[in-house]
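Beneath this line is the structure, given in structure tokens, with notes to follow.
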Amino acid sequence: KMPMSVSMNPWFFFETSWNNNQYKTADSESGEECANRAFKKLTNIANTNKCKCILVCSHSNLIGYFLKSIDNTLPFSWFKEMKCPALYDINFEDNNFSWNKNLEFPNGIAGH
């Protein structure tokens, strides 16, 4: 049976794994494993295609964990406020990702 504190808080699992990237349930991956999976796949895509722009569609959990792997200072409150879908300016150079958080998007387009 699920503890009352878990059933009353729909964010419990996400917040727990956000604050402890090793946390996972029996049949899931940890936040760190999720971020590593995204990092490897996106690195492969970027290196293979040598293009300037890649559009990635995924659920907010994977994108959130991936962005946190780029900027480990992101608080869980930011994750809860993520807009989906949204645009992110992520740059890839020398096998490293960087996130340009200062990019301004036209009115009506969600961006971070």
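Each chain in the structure tokens gets a letter, A, B and so on, in the order shown; residues start at 1 in every chain, and ligands are counted from 1 in the order they appear.
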
Could you list, as a list in words, every residue within 8 Å of segment 93-96 of chain A, counting only C-alpha atoms and ignoring same-chain residues fewer than 2 positions away?
Thr43, Asn91 and Ser98 of chain A

If you run DSSP on this backbone, which residues of chain A come out as alpha helix (DSSP H), and could you give them as a PyMOL selection string?
chain A and resi 4-7+12-19+31-49+60-70+76-80

Between atom CA of Lys50 of chain A and atom CA of Phe97 of chain A - distance in Å to one decimal
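The value is 14.1 Å.
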
Distance of atom CA of Tyr88 of chain A from atom CA of Lys101 of chain A, expressed in Å to one decimal place:
7.7 Å

Of the residues A:Phe14, A:Phe92, A:Phe66, A:Tyr23, which is the one nearest to Ala38 of chain A, using only C-alpha atoms?
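Of A:Phe14, A:Phe92, A:Phe66, A:Tyr23, the one nearest Ala38 of chain A is A:Phe66, counting only C-alpha atoms.
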
Name the residues of chain A that come out as strand (DSSP E) in a backbone DSSP run; write them as a ChimeraX atom specification.
/A:89-93,96-100

Go ahead and write the residues just picked, C-alpha atoms, as a PDB file, in the first residue's frame.
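To be explicit, this is the file written out as part_1.pdb:
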ATOM      1  CA  ASP A  89      18.532  26.745 -27.233  1.00  0.00           C
ATOM      2  CA  ILE A  90      21.007  23.946 -26.527  1.00  0.00           C
ATOM      3  CA  ASN A  91      24.389  24.152 -28.217  1.00  0.00           C
ATOM      4  CA  PHE A  92      26.702  21.229 -28.877  1.00  0.00           C
ATOM      5  CA  GLU A  93      30.423  21.769 -29.327  1.00  0.00           C
ATOM      6  CA  ASN A  96      29.595  19.091 -24.713  1.00  0.00           C
ATOM      7  CA  PHE A  97      26.162  20.628 -24.424  1.00  0.00           C
ATOM      8  CA  SER A  98      25.554  24.174 -23.221  1.00  0.00           C
ATOM      9  CA  TRP A  99      22.236  25.878 -22.650  1.00  0.00           C
ATOM     10  CA  ASN A 100      21.638  29.460 -23.759  1.00  0.00           C
TER      11      ASN A 100
END

Find the distance between atom CA of Leu62 of chain A and atom CA of Asn102 of chain A and write it in Å to one decimal.
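Rounded to one decimal, the two atoms are 21.7 Å apart.
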